[in-house]
file start.pdb (PDB, C-alpha atoms)
ATOM      1  CA  MET L 868     -74.625  52.961  93.127
ATOM      2  CA  GLU L 869     -77.263  54.872  95.069
ATOM      3  CA  PRO L 870     -75.848  56.936  97.950
ATOM      4  CA  ILE L 871     -76.723  55.797 101.470
ATOM      5  CA  LEU L 872     -78.798  58.769 102.578
ATOM      6  CA  ASN L 873     -81.616  59.509 105.045
ATOM      7  CA  ASN L 874     -80.751  56.508 107.199
ATOM      8  CA  SER L 875     -81.410  57.168 110.892
ATOM      9  CA  LYS L 876     -79.802  53.912 112.062
ATOM     10  CA  TRP L 877     -76.167  53.549 113.041
ATOM     11  CA  PRO L 878     -74.469  51.574 110.245
ATOM     12  CA  ALA L 879     -72.786  48.242 110.892
ATOM     13  CA  LEU L 880     -69.054  48.384 110.152
ATOM     14  CA  ASP L 881     -66.972  45.459 108.917
ATOM     15  CA  PHE L 882     -63.261  46.192 109.319
ATOM     16  CA  TYR L 883     -62.228  43.590 106.754
ATOM     17  CA  LYS L 884     -64.429  45.231 104.115
ATOM     18  CA  LEU L 885     -63.303  48.716 105.168
ATOM     19  CA  GLU L 886     -59.599  48.116 105.685
ATOM     20  CA  ASN L 887     -58.166  48.762 102.216
ATOM     21  CA  THR L 888     -60.405  51.767 101.578
ATOM     22  CA  LEU L 889     -59.561  53.286 104.960
ATOM     23  CA  ASN L 890     -55.854  52.896 104.216
ATOM     24  CA  THR L 891     -56.343  54.778 100.946
ATOM     25  CA  VAL L 892     -58.457  57.550 102.466
ATOM     26  CA  GLN L 893     -56.040  57.979 105.364
ATOM     27  CA  LEU L 894     -53.230  58.770 102.932
ATOM     28  CA  TRP L 895     -55.475  61.258 101.119
ATOM     29  CA  THR L 896     -56.330  62.936 104.431
ATOM     30  CA  GLN L 897     -52.631  63.131 105.295
ATOM     31  CA  ILE L 898     -51.945  65.044 102.078
ATOM     32  CA  ILE L 899     -54.755  67.567 102.481
ATOM     33  CA  GLY L 900     -54.142  67.776 106.231
ATOM     34  CA  LYS L 901     -50.495  68.655 105.687
ATOM     35  CA  ILE L 902     -51.542  71.379 103.254
ATOM     36  CA  ARG L 903     -53.823  72.824 105.918
ATOM     37  CA  MET L 904     -51.034  72.541 108.494
ATOM     38  CA  LYS L 905     -48.562  74.520 106.354
ATOM     39  CA  LYS L 906     -51.048  77.280 105.470
ATOM     40  CA  THR L 907     -52.622  77.749 108.931
ATOM     41  CA  PRO L 908     -51.131  79.427 112.029
ATOM     42  CA  TRP L 909     -50.091  76.949 114.718
ATOM     43  CA  ILE L 910     -52.725  76.301 117.378
ATOM     44  CA  ASN L 911     -51.861  74.592 120.653
ATOM     45  CA  HIS L 912     -51.918  70.767 120.717
ATOM     46  CA  SER L 913     -51.759  70.753 116.883
ATOM     47  CA  TRP L 914     -55.448  71.636 116.605
ATOM     48  CA  HIS L 915     -54.684  73.520 113.384
ATOM     49  CA  VAL L 916     -53.929  70.299 111.494
ATOM     50  CA  THR L 917     -57.237  68.507 111.958
ATOM     51  CA  LEU L 918     -60.143  67.803 109.621
ATOM     52  CA  TYR L 919     -63.840  67.996 110.501
ATOM     53  CA  VAL L 920     -66.914  65.893 109.823
ATOM     54  CA  SER L 921     -69.135  67.696 107.309
ATOM     55  CA  SER L 922     -72.491  67.206 105.612
ATOM     56  CA  SER L 923     -70.739  65.515 102.682
ATOM     57  CA  GLY L 924     -67.607  63.926 104.159
ATOM     58  CA  LEU L 925     -64.418  65.281 105.749
ATOM     59  CA  THR L 926     -63.383  68.916 105.341
ATOM     60  CA  THR L 927     -60.303  70.990 106.039
ATOM     61  CA  GLY L 928     -62.461  74.008 106.851
ATOM     62  CA  SER L 929     -61.221  77.423 105.749
ATOM     63  CA  ILE L 930     -57.517  77.711 104.869
ATOM     64  CA  PRO L 931     -55.923  81.120 104.230
ATOM     65  CA  TYR L 932     -53.952  81.917 101.075
ATOM     66  CA  LYS L 933     -52.875  85.135  99.371
ATOM     67  CA  PHE L 934     -56.205  85.749  97.591
ATOM     68  CA  GLY L 935     -58.533  84.853 100.470
ATOM     69  CA  ILE L 936     -59.425  81.393 101.725
ATOM     70  CA  PHE L 937     -59.866  77.959 100.195
ATOM     71  CA  GLU L 938     -61.351  74.670 101.393
ATOM     72  CA  MET L 939     -60.868  71.022 100.493
ATOM     73  CA  VAL L 940     -63.583  68.418 101.106
ATOM     74  CA  LEU L 941     -63.366  64.672 100.679
ATOM     75  CA  ASN L 942     -66.930  64.302  99.451
ATOM     76  CA  PHE L 943     -68.276  60.829 100.152
ATOM     77  CA  ILE L 944     -71.606  61.502  98.423
ATOM     78  CA  SER L 945     -70.293  62.510  94.993
ATOM     79  CA  HIS L 946     -66.957  60.756  95.642
ATOM     80  CA  GLU L 947     -64.790  63.715  94.731
ATOM     81  CA  LEU L 948     -62.207  65.894  96.358
ATOM     82  CA  ASN L 949     -63.860  69.313  96.096
ATOM     83  CA  ILE L 950     -61.528  72.321  96.135
ATOM     84  CA  THR L 951     -63.193  75.742  96.350
ATOM     85  CA  THR L 952     -61.830  79.250  96.814
ATOM     86  CA  SER L 953     -63.413  82.452  98.094
ATOM     87  CA  ASN L 954     -62.958  83.826  94.550
ATOM     88  CA  GLY L 955     -65.549  81.374  93.244
ATOM     89  CA  GLN L 956     -63.157  78.842  91.724
ATOM     90  CA  VAL L 957     -64.211  75.190  91.960
ATOM     91  CA  GLU L 958     -62.060  72.177  91.092
ATOM     92  CA  ARG L 959     -62.660  68.440  91.526
ATOM     93  CA  ILE L 960     -60.664  65.224  91.641
ATOM     94  CA  LYS L 961     -62.517  61.926  91.310
ATOM     95  CA  LEU L 962     -62.128  59.654  94.333
ATOM     96  CA  GLN L 963     -61.408  56.201  92.968
ATOM     97  CA  SER L 964     -59.045  53.275  93.156
ATOM     98  CA  GLY L 965     -55.540  54.079  91.928
ATOM     99  CA  SER L 966     -52.151  55.217  93.167
ATOM    100  CA  ILE L 967     -51.409  57.813  95.836
ATOM    101  CA  ALA L 968     -48.831  59.331  93.490
ATOM    102  CA  ASP L 969     -51.511  60.063  90.877
ATOM    103  CA  PHE L 970     -53.761  61.706  93.492
ATOM    104  CA  TYR L 971     -50.847  63.755  94.835
ATOM    105  CA  GLN L 972     -49.784  64.990  91.412
ATOM    106  CA  ALA L 973     -53.351  65.858  90.388
ATOM    107  CA  LEU L 974     -53.971  67.819  93.597
ATOM    108  CA  PHE L 975     -50.775  69.854  93.445
ATOM    109  CA  GLY L 976     -51.367  70.566  89.765
ATOM    110  CA  ILE L 977     -54.746  72.074  90.674
ATOM    111  CA  LEU L 978     -53.275  74.058  93.565
ATOM    112  CA  ARG L 979     -50.689  75.570  91.237
ATOM    113  CA  SER L 980     -53.423  76.504  88.754
ATOM    114  CA  LEU L 981     -55.283  78.281  91.584
ATOM    115  CA  GLU L 982     -52.054  80.072  92.649
ATOM    116  CA  ILE L 983     -52.120  78.358  96.038
ATOM    117  CA  GLU L 984     -48.452  78.168  96.974
ATOM    118  CA  VAL L 985     -47.587  75.415  99.434
ATOM    119  CA  GLU L 986     -44.881  72.839 100.069
ATOM    120  CA  ILE L 987     -45.363  69.947 102.465
ATOM    121  CA  PHE L 988     -43.245  67.211 104.029
ATOM    122  CA  ALA L 989     -44.434  64.662 101.482
ATOM    123  CA  LYS L 990     -44.283  61.485 103.590
ATOM    124  CA  PRO L 991     -46.943  59.972 105.875
ATOM    125  CA  ASN L 992     -46.811  60.468 109.640
ATOM    126  CA  GLU L 993     -47.734  58.027 112.418
ATOM    127  CA  LEU L 994     -47.557  55.060 110.019
ATOM    128  CA  GLN L 995     -44.935  52.317 109.996
ATOM    129  CA  GLU L 996     -44.775  52.393 106.195
ATOM    130  CA  ALA L 997     -43.908  55.910 105.064
ATOM    131  CA  ILE L 998     -43.577  55.844 101.285
ATOM    132  CA  PRO L 999     -43.284  59.395  99.881
ATOM    133  CA  PHE L1000     -46.630  60.366  98.370
ATOM    134  CA  ASP L1001     -45.219  61.152  94.941
ATOM    135  CA  GLN L1002     -43.465  57.761  94.828
ATOM    136  CA  ASP L1003     -46.335  55.583  96.050
ATOM    137  CA  GLN L1004     -47.354  53.749  92.871
ATOM    138  CA  GLN L1005     -49.255  50.925  94.589
ATOM    139  CA  GLU L1006     -52.779  50.266  93.352
ATOM    140  CA  ARG L1007     -55.027  51.404  96.204
ATOM    141  CA  GLU L1008     -58.640  50.378  96.716
ATOM    142  CA  TYR L1009     -61.576  52.770  97.127
ATOM    143  CA  ASN L1010     -65.006  51.262  97.897
ATOM    144  CA  GLU L1011     -67.774  53.874  97.691
ATOM    145  CA  GLU L1012     -70.351  51.929  99.698
ATOM    146  CA  GLU L1013     -68.003  51.085 102.574
ATOM    147  CA  ILE L1014     -66.653  54.631 102.954
ATOM    148  CA  GLN L1015     -70.205  55.973 103.069
ATOM    149  CA  LYS L1016     -71.015  53.624 105.937
ATOM    150  CA  TYR L1017     -67.919  54.807 107.784
ATOM    151  CA  TRP L1018     -68.786  58.465 107.189
ATOM    152  CA  LYS L1019     -72.375  57.880 108.345
ATOM    153  CA  ALA L1020     -70.956  56.380 111.544
ATOM    154  CA  LEU L1021     -68.776  59.484 111.997
ATOM    155  CA  ILE L1022     -71.866  61.692 111.714
ATOM    156  CA  LYS L1023     -73.639  59.765 114.481
ATOM    157  CA  ILE L1024     -70.559  59.807 116.692
ATOM    158  CA  HIS L1025     -69.891  63.493 116.045
ATOM    159  CA  GLU L1026     -73.348  64.365 117.365
ATOM    160  CA  VAL L1027     -72.788  62.482 120.621
ATOM    161  CA  PHE L1028     -69.256  63.832 121.072
ATOM    162  CA  THR L1029     -70.553  67.379 120.561
ATOM    163  CA  ARG L1030     -73.203  66.901 123.239
ATOM    164  CA  PHE L1031     -70.557  65.491 125.588
ATOM    165  CA  ARG L1032     -68.247  68.426 124.818
ATOM    166  CA  SER L1033     -70.956  70.927 125.782
ATOM    167  CA  GLY L1034     -71.004  69.758 129.400
ATOM    168  CA  PHE L1035     -67.602  71.204 130.294
ATOM    169  CA  THR L1036     -66.712  74.827 131.025
ATOM    170  CA  GLY L1037     -62.937  74.380 131.115
ATOM    171  CA  LYS L1038     -60.542  74.202 128.193
ATOM    172  CA  VAL L1039     -61.904  71.721 125.671
ATOM    173  CA  SER L1040     -60.941  70.839 122.116
ATOM    174  CA  PRO L1041     -63.236  70.908 119.096
ATOM    175  CA  VAL L1042     -64.650  67.581 117.954
ATOM    176  CA  HIS L1043     -62.088  66.968 115.248
ATOM    177  CA  PHE L1044     -60.524  64.307 113.050
ATOM    178  CA  PHE L1045     -56.806  63.594 113.309
ATOM    179  CA  TRP L1046     -55.349  62.300 110.053
ATOM    180  CA  GLY L1047     -52.242  60.899 111.742
ATOM    181  CA  ALA L1048     -53.935  58.298 113.933
ATOM    182  CA  PHE L1049     -57.096  58.519 111.789
ATOM    183  CA  ASP L1050     -59.500  59.006 114.675
ATOM    184  CA  LEU L1051     -62.323  61.332 115.672
ATOM    185  CA  ALA L1052     -61.613  62.815 119.084
ATOM    186  CA  VAL L1053     -62.511  65.402 121.718
ATOM    187  CA  SER L1054     -60.371  66.354 124.737
ATOM    188  CA  ARG L1055     -60.935  68.066 128.078
ATOM    189  CA  PHE L1056     -58.164  69.708 130.102
ATOM    190  CA  SER L1057     -57.821  70.142 133.863
ATOM    191  CA  GLY L1058     -55.743  73.302 133.504
ATOM    192  CA  LYS L1059     -52.701  71.749 135.180
ATOM    193  CA  PRO L1060     -49.379  71.164 133.377
ATOM    194  CA  ALA L1061     -48.366  67.564 132.683
ATOM    195  CA  PRO L1062     -44.965  65.857 132.911
ATOM    196  CA  LYS L1063     -43.079  65.601 129.626
ATOM    197  CA  ILE L1064     -44.406  62.633 127.683
ATOM    198  CA  GLU L1065     -41.861  60.065 126.546
ATOM    199  CA  SER L1066     -44.057  57.951 124.232
ATOM    200  CA  VAL L1067     -42.674  57.287 120.757
ATOM    201  CA  ILE L1068     -44.932  57.125 117.686
ATOM    202  CA  PRO L1069     -43.640  56.019 114.256
ATOM    203  CA  ASN L1070     -42.706  58.927 111.976
ATOM    204  CA  MET L1071     -43.816  61.554 114.494
ATOM    205  CA  PRO L1072     -41.426  64.193 115.913
ATOM    206  CA  GLN L1073     -41.121  63.834 119.693
ATOM    207  CA  LEU L1074     -41.414  67.609 120.091
ATOM    208  CA  VAL L1075     -44.902  67.533 118.545
ATOM    209  CA  MET L1076     -46.004  64.813 120.974
ATOM    210  CA  GLN L1077     -44.642  66.751 123.939
ATOM    211  CA  GLU L1078     -46.483  69.921 122.940
ATOM    212  CA  ALA L1079     -49.708  67.974 122.354
ATOM    213  CA  TYR L1080     -49.537  66.500 125.864
ATOM    214  CA  SER L1081     -48.137  69.554 127.651
ATOM    215  CA  HIS L1082     -51.171  69.758 129.969
ATOM    216  CA  GLU L1083     -53.230  67.218 131.869
ATOM    217  CA  VAL L1084     -55.852  65.875 129.464
ATOM    218  CA  SER L1085     -58.763  63.448 129.309
ATOM    219  CA  SER L1086     -59.439  62.341 125.728
ATOM    220  CA  CYS L1087     -62.058  60.154 124.140
ATOM    221  CA  GLY L1088     -62.428  59.133 120.543
ATOM    222  CA  PHE L1089     -63.384  56.666 117.856
ATOM    223  CA  TRP L1090     -61.002  54.502 115.857
ATOM    224  CA  ALA L1091     -61.958  52.148 113.028
ATOM    225  CA  GLY L1092     -59.368  49.486 113.884
ATOM    226  CA  SER L1093     -56.162  48.050 112.443
ATOM    227  CA  LYS L1094     -54.640  44.736 111.400
ATOM    228  CA  ASP L1095     -53.573  44.148 114.996
ATOM    229  CA  PHE L1096     -56.974  45.182 116.358
ATOM    230  CA  PRO L1097     -59.493  44.476 113.555
ATOM    231  CA  GLU L1098     -62.542  46.058 115.154
ATOM    232  CA  ALA L1099     -63.939  49.573 115.449
ATOM    233  CA  PHE L1100     -64.021  50.880 119.003
ATOM    234  CA  PHE L1101     -64.371  53.926 121.226
ATOM    235  CA  TYR L1102     -61.552  54.789 123.615
ATOM    236  CA  SER L1103     -61.010  56.995 126.644
ATOM    237  CA  TYR L1104     -57.739  57.762 128.423
ATOM    238  CA  VAL L1105     -56.149  60.363 130.673
ATOM    239  CA  TYR L1106     -52.603  61.705 130.674
ATOM    240  CA  PRO L1107     -50.940  61.407 133.071
ATOM    241  CA  ALA L1108     -52.898  58.386 134.321
ATOM    242  CA  PRO L1109     -53.574  58.711 138.071
ATOM    243  CA  ASP L1110     -53.629  55.821 140.520
ATOM    244  CA  GLY L1111     -56.993  54.091 140.501
ATOM    245  CA  PHE L1112     -58.003  55.165 136.995
ATOM    246  CA  ALA L1113     -57.700  51.699 135.449
ATOM    247  CA  ASP L1114     -59.741  50.125 138.258
ATOM    248  CA  TYR L1115     -62.573  52.658 138.225
ATOM    249  CA  GLU L1116     -66.001  51.161 137.510
ATOM    250  CA  VAL L1117     -67.339  52.574 134.234
ATOM    251  CA  LEU L1118     -70.354  52.167 131.956
ATOM    252  CA  PRO L1119     -71.739  50.479 129.917
ATOM    253  CA  LYS L1120     -71.244  46.825 130.791
ATOM    254  CA  GLU L1121     -69.368  46.132 127.511
ATOM    255  CA  ALA L1122     -66.630  48.657 128.374
ATOM    256  CA  PHE L1123     -63.287  47.402 129.680
ATOM    257  CA  PHE L1124     -59.799  48.640 130.459
ATOM    258  CA  SER L1125     -57.008  47.525 128.122
ATOM    259  CA  LYS L1126     -53.702  47.181 129.958
ATOM    260  CA  ASP L1127     -51.880  46.961 126.615
ATOM    261  CA  LEU L1128     -53.253  50.296 125.401
ATOM    262  CA  GLY L1129     -53.651  51.945 128.809
ATOM    263  CA  GLU L1130     -57.196  53.114 128.106
ATOM    264  CA  PHE L1131     -60.833  52.181 128.412
ATOM    265  CA  LEU L1132     -62.381  50.635 125.299
ATOM    266  CA  LEU L1133     -65.940  50.110 124.106
ATOM    267  CA  PRO L1134     -66.604  48.130 120.907
ATOM    268  CA  TYR L1135     -68.476  50.122 118.258
ATOM    269  CA  LYS L1136     -70.804  47.185 117.647
ATOM    270  CA  ALA L1137     -71.964  47.333 121.286
ATOM    271  CA  VAL L1138     -73.191  50.882 120.624
ATOM    272  CA  GLN L1139     -74.453  50.293 117.082
ATOM    273  CA  SER L1140     -76.584  47.305 118.111
ATOM    274  CA  ASN L1141     -78.056  48.932 121.230
ATOM    275  CA  GLU L1142     -81.674  50.175 121.217
ATOM    276  CA  GLU L1143     -80.460  53.592 122.390
ATOM    277  CA  PRO L1144     -76.972  53.941 120.890
ATOM    278  CA  GLU L1145     -76.557  57.637 121.715
ATOM    279  CA  LYS L1146     -77.265  57.113 125.423
ATOM    280  CA  HIS L1147     -75.121  53.991 125.461
ATOM    281  CA  LEU L1148     -72.126  55.890 124.075
ATOM    282  CA  LEU L1149     -72.724  58.934 126.271
ATOM    283  CA  SER L1150     -72.645  56.734 129.385
ATOM    284  CA  PHE L1151     -69.160  55.590 128.340
ATOM    285  CA  LEU L1152     -67.908  59.124 127.722
ATOM    286  CA  GLU L1153     -69.281  60.498 130.979
ATOM    287  CA  SER L1154     -68.273  57.606 133.239
ATOM    288  CA  THR L1155     -64.718  57.368 131.896
ATOM    289  CA  PHE L1156     -64.285  61.113 132.267
ATOM    290  CA  GLN L1157     -65.516  60.765 135.838
ATOM    291  CA  ALA L1158     -62.862  58.089 136.339
ATOM    292  CA  ALA L1159     -60.204  60.523 135.099
ATOM    293  CA  SER L1160     -61.434  63.601 136.960
ATOM    294  CA  VAL L1161     -62.133  61.894 140.296
ATOM    295  CA  THR L1162     -58.910  59.878 140.512
ATOM    296  CA  GLY L1163     -56.945  62.836 139.139
ATOM    297  CA  ASN L1164     -58.487  65.381 141.547
ATOM    298  CA  TRP L1165     -59.794  67.681 138.824
ATOM    299  CA  ASP L1166     -61.859  70.739 139.708
ATOM    300  CA  GLN L1167     -65.396  69.322 139.635
ATOM    301  CA  GLY L1168     -66.762  72.828 139.068
ATOM    302  CA  LEU L1169     -65.602  72.614 135.444
ATOM    303  CA  GLN L1170     -68.597  70.423 134.632
ATOM    304  CA  CYS L1171     -71.858  72.191 133.914
ATOM    305  CA  ASN L1172     -75.516  71.266 133.577
ATOM    306  CA  LEU L1173     -77.057  72.646 130.391
ATOM    307  CA  LYS L1174     -80.457  70.941 130.691
ATOM    308  CA  SER L1175     -82.094  74.203 131.802
ATOM    309  CA  PHE L1176     -81.198  75.708 128.415
ATOM    310  CA  GLU L1177     -82.682  72.904 126.314
ATOM    311  CA  LYS L1178     -86.151  74.475 126.274
ATOM    312  CA  PHE L1179     -84.708  77.361 124.281
TER     313      PHE L1179
END
call {"tool": "encode", "arguments": {"input": "start.pdb", "output": "structure tokens"}}
result
Amino acid sequence: MEPILNNSKWPALDFYKLENTLNTVQLWTQIIGKIRMKKTPWINHSWHVTLYVSSSGLTTGSIPYKFGIFEMVLNFISHELNITTSNGQVERIKLQSGSIADFYQALFGILRSLEIEVEIFAKPNELQEAIPFDQDQQEREYNEEEIQKYWKALIKIHEVFTRFRSGFTGKVSPVHFFWGAFDLAVSRFSGKPAPKIESVIPNMPQLVMQEAYSHEVSSCGFWAGSKDFPEAFFYSYVYPAPDGFADYEVLPKEAFFSKDLGEFLLPYKAVQSNEEPEKHLLSFLESTFQAASVTGNWDQGLQCNLKSFEKF
């Protein structure tokens, strides 16, 4: 199969074609994400656990170990897990249909050969079904064409999220990929502490949730969908949610507030099919943040105008 490259259009996503492959890749990201988590110093709001969109797929970025640093990349061009060290060692695992147990055993065999010492909690987080990785013998699907479309969508979204991130001078997260909920996200903070969150997520320690939401936050992101919500969409929420947030008028016209989820949603297809998808998405990010910051009485001076720098 020829790789889907040099395509300037936003790809159409079909959840039913993507679903099984996304389930497989999510479990792979949980394994490599947990390795990064155990080898990296803790950063507030669990920012040390995330993956990042790269020029070939999803990467852990640099991870320290006793001989330097190493990196793991789920490469959706060559369809390999690439493992490289700062000592010039390169190892690969073919990404293909098969069991999670086989992937897990192959990866930890390579890590041992590279003298990368790490032990992880070897069960999935934030999923209802939490079969230990080394015991998950189910045959899992991996569709090369569908995962490339998804990754190409992440590239487009990452660019818009990065531009949105640049317009804020307060505390703001990287644009990063959480392997627990399997979403690409970016968050802005007001600087004010938040009440202790009481939400419960399957197979997620409550203490981790409380640290993640320790301060008032406005978050937006992209999620590819689930069985209960079989459609890719963008979301935007604020914690704690102030009075008036849900009723605030936002853009674009396809956006709406979900009472069930407690956040604004915008279907991915509404952006993908628009003549100016980047502007369409940016209007959602900016207007929903305005809803959060205005109703929550944020310091409006935290927003900045960078247009004067664009000529450089």
call {"tool": "closest_residue", "arguments": {"input": "start.pdb", "among": "L:His912, L:Lys933, L:Lys906, L:Lys990", "to": "Ser1054 (chain L)", "atoms": "all atoms listed in the file"}}
result
L:His912
call {"tool": "residues_around", "arguments": {"input": "start.pdb", "residues": "region 897-899 of chain L", "least_positions_apart": "4", "cutoff": "7 Å", "atoms": "all atoms listed in the file", "output": "list in words"}}
result
Gln893, Arg903, Pro991, Trp1046 and Gly1047 of chain L
call {"tool": "closest_residue", "arguments": {"input": "start.pdb", "among": "L:Asp969, L:Glu886, L:Glu982, L:Asp1166", "to": "Glu1008 (chain L)", "atoms": "only C-alpha atoms"}}
result
L:Glu886
call {"tool": "closest_atom_pairs", "arguments": {"input": "start.pdb", "of": "region 989-1030 of chain L", "to": "region 1126-1143 of chain L", "cutoff": "12 Å", "atoms": "only C-alpha atoms", "output": "CSV"}}
result
residue,atom,partner,partner_atom,distance
L:Tyr1017,CA,L:Tyr1135,CA,11.5
L:Lys1019,CA,L:Gln1139,CA,11.8
L:Ala1020,CA,L:Gln1139,CA,8.9
L:Leu1021,CA,L:Tyr1135,CA,11.3
L:Lys1023,CA,L:Gln1139,CA,9.9
L:Ile1024,CA,L:Tyr1135,CA,10.0
L:Val1027,CA,L:Val1138,CA,11.6
call {"tool": "write_last_selection", "arguments": {"input": "start.pdb", "atoms": "C-alpha atoms", "output": "PDB file, in the frame of the given file"}}
result
ATOM      1  CA  TYR L1017     -67.919  54.807 107.784  1.00  0.00           C
ATOM      2  CA  LYS L1019     -72.375  57.880 108.345  1.00  0.00           C
ATOM      3  CA  ALA L1020     -70.956  56.380 111.544  1.00  0.00           C
ATOM      4  CA  LEU L1021     -68.776  59.484 111.997  1.00  0.00           C
ATOM      5  CA  LYS L1023     -73.639  59.765 114.481  1.00  0.00           C
ATOM      6  CA  ILE L1024     -70.559  59.807 116.692  1.00  0.00           C
ATOM      7  CA  VAL L1027     -72.788  62.482 120.621  1.00  0.00           C
TER       8      VAL L1027
END
call {"tool": "residues_around", "arguments": {"input": "start.pdb", "residues": "region 948-957 of chain L", "least_positions_apart": "2", "cutoff": "7 Å", "atoms": "only C-alpha atoms", "output": "PyMOL selection string"}}
result
chain L and resi 935-942+959-962
call {"tool": "write_last_selection", "arguments": {"input": "start.pdb", "atoms": "C-alpha atoms", "output": "PDB file, in the frame of the given file"}}
result
ATOM      1  CA  GLY L 935     -58.533  84.853 100.470  1.00  0.00           C
ATOM      2  CA  ILE L 936     -59.425  81.393 101.725  1.00  0.00           C
ATOM      3  CA  PHE L 937     -59.866  77.959 100.195  1.00  0.00           C
ATOM      4  CA  GLU L 938     -61.351  74.670 101.393  1.00  0.00           C
ATOM      5  CA  MET L 939     -60.868  71.022 100.493  1.00  0.00           C
ATOM      6  CA  VAL L 940     -63.583  68.418 101.106  1.00  0.00           C
ATOM      7  CA  LEU L 941     -63.366  64.672 100.679  1.00  0.00           C
ATOM      8  CA  ASN L 942     -66.930  64.302  99.451  1.00  0.00           C
ATOM      9  CA  ARG L 959     -62.660  68.440  91.526  1.00  0.00           C
ATOM     10  CA  ILE L 960     -60.664  65.224  91.641  1.00  0.00           C
ATOM     11  CA  LYS L 961     -62.517  61.926  91.310  1.00  0.00           C
ATOM     12  CA  LEU L 962     -62.128  59.654  94.333  1.00  0.00           C
TER      13      LEU L 962
END
call {"tool": "closest_residue", "arguments": {"input": "start.pdb", "among": "L:Thr891, L:Asn1010, L:Asn911, L:Gln995", "to": "Gln1077 (chain L)", "atoms": "all atoms listed in the file"}}
result
L:Asn911
call {"tool": "resolve_selection", "arguments": {"input": "start.pdb", "expression": "the PyMOL selection byres ((chain L and resi 905) around 12)", "output": "ChimeraX atom specification"}}
result
/L:898-904,906-910,913,915-917,930-932,983-989
call {"tool": "resolve_selection", "arguments": {"input": "start.pdb", "expression": "the PyMOL selection byres ((chain L and resi 1068) around 10)", "output": "list in words"}}
result
Asn992, Glu993, Leu994, Gln995, Ala1048, Glu1065, Ser1066, Val1067, Pro1069, Asn1070, Met1071, Pro1072, Gln1073 and Met1076 of chain L
call {"tool": "closest_residue", "arguments": {"input": "start.pdb", "among": "L:Val1084, L:Leu1149, L:Ala968, L:Val1161", "to": "Gly1034 (chain L)", "atoms": "only C-alpha atoms"}}
result
L:Leu1149
call {"tool": "resolve_selection", "arguments": {"input": "start.pdb", "expression": "the PyMOL selection byres ((chain L and resi 1099) around 8)", "output": "MDAnalysis selection string"}}
result
chainID L and resid 880 882 1089:1092 1097:1098 1100:1101 1134:1136
call {"tool": "axis_aligned_box", "arguments": {"input": "start.pdb", "around": "region 1124-1138 of chain L", "padding_each_side": "8 Å", "output": "lines of an AutoDock Vina configuration file"}}
result
center_x = -62.5
center_y = 50.0
center_z = 124.1
size_x = 37.3
size_y = 22.2
size_z = 28.8
call {"tool": "closest_residue", "arguments": {"input": "start.pdb", "among": "L:Ser1040, L:Phe1045, L:Leu1148, L:Tyr1106", "to": "Lys1063 (chain L)", "atoms": "only C-alpha atoms"}}
result
L:Tyr1106
